[in-house]
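Colleague: Sharing target.txt here; it has compact mmCIF, C-alpha atoms.
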```txt
# COMPACT_ATOMS: atom_id res chain seq x y z
CA ARG Z 30 -9.02 1.38 -17.17
CA LYS Z 31 -7.11 0.98 -13.91
CA GLU Z 32 -7.26 3.97 -11.55
CA VAL Z 33 -3.48 4.05 -11.24
CA GLU Z 34 -1.23 2.69 -13.98
CA GLN Z 35 2.52 2.27 -13.91
CA ASP Z 36 5.25 1.22 -16.30
CA PRO Z 37 5.15 -2.56 -16.41
CA GLY Z 38 8.86 -3.18 -15.74
CA PRO Z 39 10.99 -4.91 -14.65
CA PHE Z 40 13.79 -2.40 -15.00
CA ASN Z 41 17.25 -3.95 -14.96
CA VAL Z 42 19.94 -1.29 -14.67
CA PRO Z 43 23.64 -1.16 -13.76
CA GLU Z 44 24.86 0.59 -10.63
CA GLY Z 45 25.20 4.31 -11.17
CA ALA Z 46 22.47 4.49 -13.80
CA THR Z 47 19.62 6.98 -13.78
CA VAL Z 48 16.18 5.42 -14.00
CA ALA Z 49 12.74 7.01 -14.32
CA PHE Z 50 9.37 5.56 -13.44
CA ASN Z 51 6.11 6.92 -14.78
CA CYS Z 52 2.58 6.69 -13.44
CA THR Z 53 -0.81 7.99 -14.56
CA TYR Z 54 -4.03 8.26 -12.56
CA SER Z 55 -7.60 8.52 -13.75
CA ASN Z 56 -9.43 10.43 -11.00
CA SER Z 57 -8.85 14.16 -11.46
CA ALA Z 58 -10.21 14.75 -7.93
CA SER Z 59 -7.32 12.84 -6.36
CA GLN Z 60 -5.71 14.96 -3.68
CA SER Z 61 -2.49 13.37 -2.52
CA PHE Z 62 0.23 11.44 -4.26
CA PHE Z 63 3.02 9.23 -3.02
CA TRP Z 64 5.72 6.81 -4.01
CA TYR Z 65 6.04 3.77 -1.77
CA ARG Z 66 8.79 1.20 -1.86
CA GLN Z 67 8.24 -2.49 -1.25
CA ASP Z 68 11.06 -4.96 -0.76
CA CYS Z 69 10.47 -8.60 -1.62
CA ARG Z 70 7.85 -10.16 0.69
CA LYS Z 71 7.88 -7.12 2.98
CA GLU Z 72 5.41 -4.37 3.75
CA PRO Z 73 5.22 -1.17 1.65
CA LYS Z 74 6.99 1.84 3.11
CA LEU Z 75 6.64 5.49 2.18
CA LEU Z 76 9.49 6.68 -0.03
CA MET Z 77 8.28 10.22 -0.61
CA SER Z 78 5.23 12.38 -1.07
CA VAL Z 79 4.77 14.09 -4.43
CA TYR Z 80 3.96 17.79 -4.71
CA SER Z 81 2.95 19.92 -7.69
CA SER Z 82 6.12 21.95 -7.34
CA GLY Z 83 8.22 18.82 -7.51
CA ASN Z 84 10.36 17.59 -4.66
CA GLU Z 85 13.76 16.06 -4.20
CA ASP Z 86 15.18 13.83 -1.50
CA GLY Z 87 18.81 13.03 -2.11
CA ARG Z 88 19.04 10.92 -5.25
CA PHE Z 89 15.25 10.76 -5.63
CA THR Z 90 13.14 13.35 -7.44
CA ALA Z 91 9.36 13.20 -7.73
CA GLN Z 92 7.20 15.26 -10.08
CA LEU Z 93 3.46 15.75 -10.38
CA ASN Z 94 1.61 17.12 -13.41
CA ARG Z 95 -2.03 17.57 -12.41
CA ALA Z 96 -3.12 18.70 -15.88
CA SER Z 97 -1.83 15.48 -17.43
CA GLN Z 98 -2.60 13.37 -14.32
CA TYR Z 99 0.94 12.11 -14.42
CA ILE Z 100 3.47 11.33 -11.68
CA SER Z 101 7.13 10.46 -12.07
CA LEU Z 102 10.02 9.25 -9.95
CA LEU Z 103 13.64 9.73 -10.97
CA ILE Z 104 16.43 7.84 -9.25
CA ARG Z 105 19.95 9.06 -9.93
CA ASP Z 106 23.18 7.15 -9.31
CA SER Z 107 21.36 3.87 -8.64
CA LYS Z 108 22.62 1.69 -5.79
CA LEU Z 109 22.24 -2.05 -5.32
CA SER Z 110 20.07 -1.25 -2.31
CA ASP Z 111 17.57 0.54 -4.55
CA SER Z 112 16.44 -2.85 -5.89
CA ALA Z 113 12.78 -3.11 -4.93
CA THR Z 114 9.29 -2.62 -6.28
CA TYR Z 115 8.17 1.01 -6.49
CA LEU Z 116 4.47 1.67 -5.98
CA CYS Z 117 2.70 4.76 -7.28
CA VAL Z 118 -0.06 5.67 -4.84
CA VAL Z 119 -2.95 8.12 -5.06
CA THR Z 120 -5.58 9.02 -2.48
CA SER Z 121 -9.23 9.65 -3.09
CA PRO Z 122 -10.99 12.52 -1.32
CA TRP Z 123 -11.52 11.84 2.38
CA GLY Z 124 -15.23 11.34 1.84
CA GLN Z 125 -14.37 8.09 0.13
CA GLY Z 126 -12.52 6.82 3.16
CA GLY Z 127 -9.16 8.43 2.54
CA LYS Z 128 -8.17 5.25 0.83
CA LEU Z 129 -4.92 4.71 -0.94
CA ILE Z 130 -5.15 3.45 -4.50
CA PHE Z 131 -2.06 1.54 -5.51
CA GLY Z 132 -0.55 0.98 -8.88
CA GLN Z 133 0.65 -2.52 -9.61
CA GLY Z 134 4.22 -1.49 -9.00
CA THR Z 135 7.36 -1.39 -11.07
CA GLU Z 136 10.19 -3.72 -10.18
CA LEU Z 137 13.71 -2.33 -10.22
CA SER Z 138 16.79 -4.52 -10.19
CA VAL Z 139 20.14 -2.77 -9.90
CA LYS Z 140 23.07 -4.95 -10.94
CA PRO Z 141 26.78 -4.58 -10.07
CA ILE B 30 8.93 -0.54 19.62
CA ALA B 31 6.12 1.58 18.20
CA GLY B 32 4.36 0.39 15.10
CA ILE B 33 1.88 -2.14 13.81
CA THR B 34 1.90 -5.82 14.58
CA GLN B 35 -0.01 -8.53 12.77
CA ALA B 36 -0.70 -12.12 13.73
CA PRO B 37 -0.27 -14.77 12.61
CA THR B 38 2.71 -14.32 10.31
CA SER B 39 1.40 -17.06 8.08
CA GLN B 40 -1.40 -19.59 8.13
CA ILE B 41 -2.63 -22.53 6.10
CA LEU B 42 -6.37 -22.92 6.42
CA ALA B 43 -8.92 -25.44 5.16
CA ALA B 44 -11.72 -24.04 3.04
CA GLY B 45 -14.86 -23.37 5.04
CA ARG B 46 -13.01 -22.58 8.27
CA ARG B 47 -13.36 -19.30 10.13
CA MET B 48 -10.22 -17.22 10.61
CA THR B 49 -9.42 -13.92 12.30
CA LEU B 50 -6.33 -11.96 11.37
CA ARG B 51 -5.20 -9.69 14.15
CA CYS B 52 -3.79 -6.18 13.84
CA THR B 53 -2.66 -3.89 16.64
CA GLN B 54 -1.07 -0.44 16.50
CA ASP B 55 0.40 1.60 19.32
CA MET B 56 0.71 4.94 17.53
CA ARG B 57 -2.77 6.13 18.58
CA HIS B 58 -3.70 6.53 14.93
CA ASN B 59 -7.34 7.27 14.18
CA ALA B 60 -7.59 5.38 10.91
CA MET B 61 -6.84 1.75 10.16
CA TYR B 62 -7.04 -0.26 6.96
CA TRP B 63 -6.88 -3.82 5.67
CA TYR B 64 -5.43 -4.58 2.22
CA ARG B 65 -4.79 -7.75 0.31
CA GLN B 66 -1.96 -8.09 -2.18
CA ASP B 67 -2.09 -10.51 -5.07
CA LEU B 68 0.33 -10.97 -7.96
CA GLY B 69 -0.66 -8.87 -10.94
CA LEU B 70 -3.36 -7.01 -8.99
CA GLY B 71 -1.39 -4.94 -6.53
CA LEU B 72 -2.72 -3.89 -3.14
CA ARG B 73 -6.50 -3.60 -2.81
CA LEU B 74 -8.44 -2.14 0.11
CA ILE B 75 -10.77 -4.59 1.88
CA HIS B 76 -12.17 -2.54 4.78
CA TYR B 77 -11.21 0.59 6.62
CA SER B 78 -12.02 2.42 9.84
CA ASN B 79 -11.77 6.20 10.16
CA THR B 80 -12.10 6.16 13.95
CA ALA B 81 -12.89 3.69 16.72
CA GLY B 82 -16.48 2.51 16.46
CA THR B 83 -16.80 3.08 12.70
CA THR B 84 -15.95 0.91 9.70
CA GLY B 85 -16.41 1.10 5.96
CA LYS B 86 -16.13 -1.09 2.90
CA GLY B 87 -13.25 -0.85 0.51
CA GLU B 88 -12.81 -2.19 -2.99
CA VAL B 89 -13.06 -5.93 -2.21
CA PRO B 90 -15.09 -6.39 1.02
CA ASP B 91 -17.05 -9.55 0.16
CA GLY B 92 -16.27 -12.50 2.43
CA TYR B 93 -14.59 -10.31 5.06
CA SER B 94 -15.78 -8.47 8.16
CA VAL B 95 -14.05 -6.09 10.56
CA SER B 96 -14.67 -4.45 13.90
CA ARG B 97 -13.09 -1.47 15.64
CA ALA B 98 -13.94 -1.68 19.31
CA ASN B 99 -10.99 0.52 20.32
CA THR B 100 -8.28 2.67 18.78
CA ASP B 101 -5.54 0.07 18.80
CA ASP B 102 -7.11 -3.09 17.37
CA PHE B 103 -8.65 -3.81 13.98
CA PRO B 104 -9.24 -7.55 13.44
CA LEU B 105 -10.23 -8.96 10.05
CA THR B 106 -12.45 -12.03 9.99
CA LEU B 107 -13.03 -14.51 7.20
CA ALA B 108 -16.30 -16.20 8.18
CA SER B 109 -15.92 -19.15 5.80
CA ALA B 110 -12.62 -19.13 3.95
CA VAL B 111 -12.43 -19.90 0.23
CA PRO B 112 -9.33 -20.60 -1.90
CA SER B 113 -9.67 -17.21 -3.67
CA GLN B 114 -8.87 -15.59 -0.33
CA THR B 115 -5.34 -16.97 -0.52
CA SER B 116 -3.27 -13.80 -0.40
CA VAL B 117 -0.94 -11.62 1.63
CA TYR B 118 -2.90 -9.39 3.99
CA PHE B 119 -1.50 -6.06 5.18
CA CYS B 120 -2.92 -3.93 7.95
CA ALA B 121 -2.10 -0.21 7.95
CA SER B 122 -2.82 2.85 10.04
CA SER B 123 -2.62 6.63 9.74
CA ASP B 124 -3.76 9.75 11.52
CA GLY B 125 -6.59 9.83 9.01
CA ARG B 126 -5.89 12.86 6.86
CA THR B 127 -5.43 12.22 3.17
CA THR B 128 -1.96 13.73 3.32
CA ASP B 129 -0.86 11.35 6.03
CA THR B 130 1.54 8.50 5.60
CA GLN B 131 0.03 5.08 6.05
CA TYR B 132 2.21 2.73 8.08
CA PHE B 133 1.94 -0.94 7.24
CA GLY B 134 2.28 -4.03 9.36
CA PRO B 135 4.54 -6.91 8.28
CA GLY B 136 1.69 -8.84 6.66
CA THR B 137 0.00 -12.20 7.09
CA ARG B 138 0.45 -14.83 4.39
CA LEU B 139 -2.76 -16.85 4.21
CA THR B 140 -3.23 -20.00 2.15
CA VAL B 141 -6.72 -21.49 1.86
CA LEU B 142 -6.80 -25.05 0.60
```
Step by step, read the file and then write its structure as structure tokens.
Modeller:
Amino acid sequence: RKEVEQDPGPFNVPEGATVAFNCTYSNSASQSFFWYRQDCRKEPKLLMSVYSSGNEDGRFTAQLNRASQYISLLIRDSKLSDSATYLCVVTSPWGQGGKLIFGQGTELSVKP
Amino acid sequence: IAGITQAPTSQILAAGRRMTLRCTQDMRHNAMYWYRQDLGLGLRLIHYSNTAGTTGKGEVPDGYSVSRANTDDFPLTLASAVPSQTSVYFCASSDGRTTDTQYFGPGTRLTVL
């Protein structure tokens, strides 16, 4: 089983749609959780951190359920510029090098 | 402009040749990382360094070596390249805490023939 698993995608949605991405992780000792965004052939960039209480940044809402080891990202009112691959990312405890463990990513394509 | 730079941008290399991918950051971050990204496999950690003078192995270290002589530089060396090392390589850095954002360089696209 992969350490971080995401919806396979791709997601093709019209502008203005609401889209949700799901992610599960296997290591219950994982400490930090993030969503990164990666545009085609570019480097990953942090979209937002994910907290147990849930957090919102404009049109983006992230949720964490530690009991179920589940992370989600909701994008409301999708824009063409939201087209990208969204990476679910989990860290191991610092003793393991503070490494980021990446999901395979879910591709989003927003159409006019 | 502050950030991470990588060189070269892309490279085609004959199998068996030695190659060093360069990575430099000017953010005075303690930790640096090397990842490779392959279709269907996502990003995988090759080697990391928590502070200057220390390095550690990641998920896929075989065939690669690193050094961290100072804070800013973290070169990745392929001693004898093989076709399976064809990939996109990303260098990243962070302050080193697990809650910290990792900042990525623009990547090096390496093709081993």
Colleague: Mind listing as a count of residues only which residues of chain Z are within 12 Å of chain B, counting only C-alpha atoms?
Modeller: 50
Colleague: Here is a test: counting all atoms listed in the file, which residue of B:Thr106, B:Ser116, B:Thr34, B:Thr83 is nearest to Leu50 of chain B?
Modeller: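 That would be B:Thr106, the residue with the smallest distance to Leu50 of chain B.
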Colleague: For atom CA of Gln40 of chain B and atom CA of Pro90 of chain B, determine how far apart the two atoms are, in Å to one decimal place.
Modeller: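 Atom CA of Pro90 of chain B lies at a distance of 20.3 Å from atom CA of Gln40 of chain B.
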Colleague: Around the point (25.4, 10.1, -10.9) (coordinates from the file), which residues reach within 7 Å if we count all atoms listed in the file? Answer as a PyMOL selection string.
Modeller: chain Z and resi 45-46+105-106
Colleague: What's the separation between atom CA of Thr80 of chain B and atom CA of Asp124 of chain B, in Å to one decimal place?
Modeller: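 Pair atom CA of Thr80 of chain B / atom CA of Asp124 of chain B returns 9.4 Å.
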Colleague: Anything within 9 Å of (1.2, -1.8, 22.5): list those residues as a PyMOL selection string, counting all atoms listed in the file and sticking to the file's coordinates.
Modeller: chain B and resi 30-34+53-56+101
Colleague: Work out how far apart atom CA of Leu105 of chain B and atom CA of Ile75 of chain B are and give it in Å to one decimal.
Modeller: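 Separation between atom CA of Leu105 of chain B and atom CA of Ile75 of chain B: 9.3 Å.
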Colleague: Quick one: what's the axis-aligned box for segment 107-123 of chain B, all listed atoms, 3 Å on every side, centre and edges in Å to one decimal, as lines of an AutoDock Vina configuration file?
Modeller:
```
center_x = -8.6
center_y = -7.0
center_z = 3.2
size_x = 21.4
size_y = 33.2
size_z = 19.7
```
Colleague: Looking at all atoms listed in the file, which of B:Ile41, B:Ala81, B:Val141, B:Ala36 is the one that sits closest to Gln114 of chain B?
Modeller: B:Val141
Colleague: Env of Pro43 of chain Z: 7 Å cut, atoms = only C-alpha atoms, seq-sep filter 6 positions within chain, self excluded. Answer as a PyMOL selection string.
Modeller: chain Z and resi 139-141
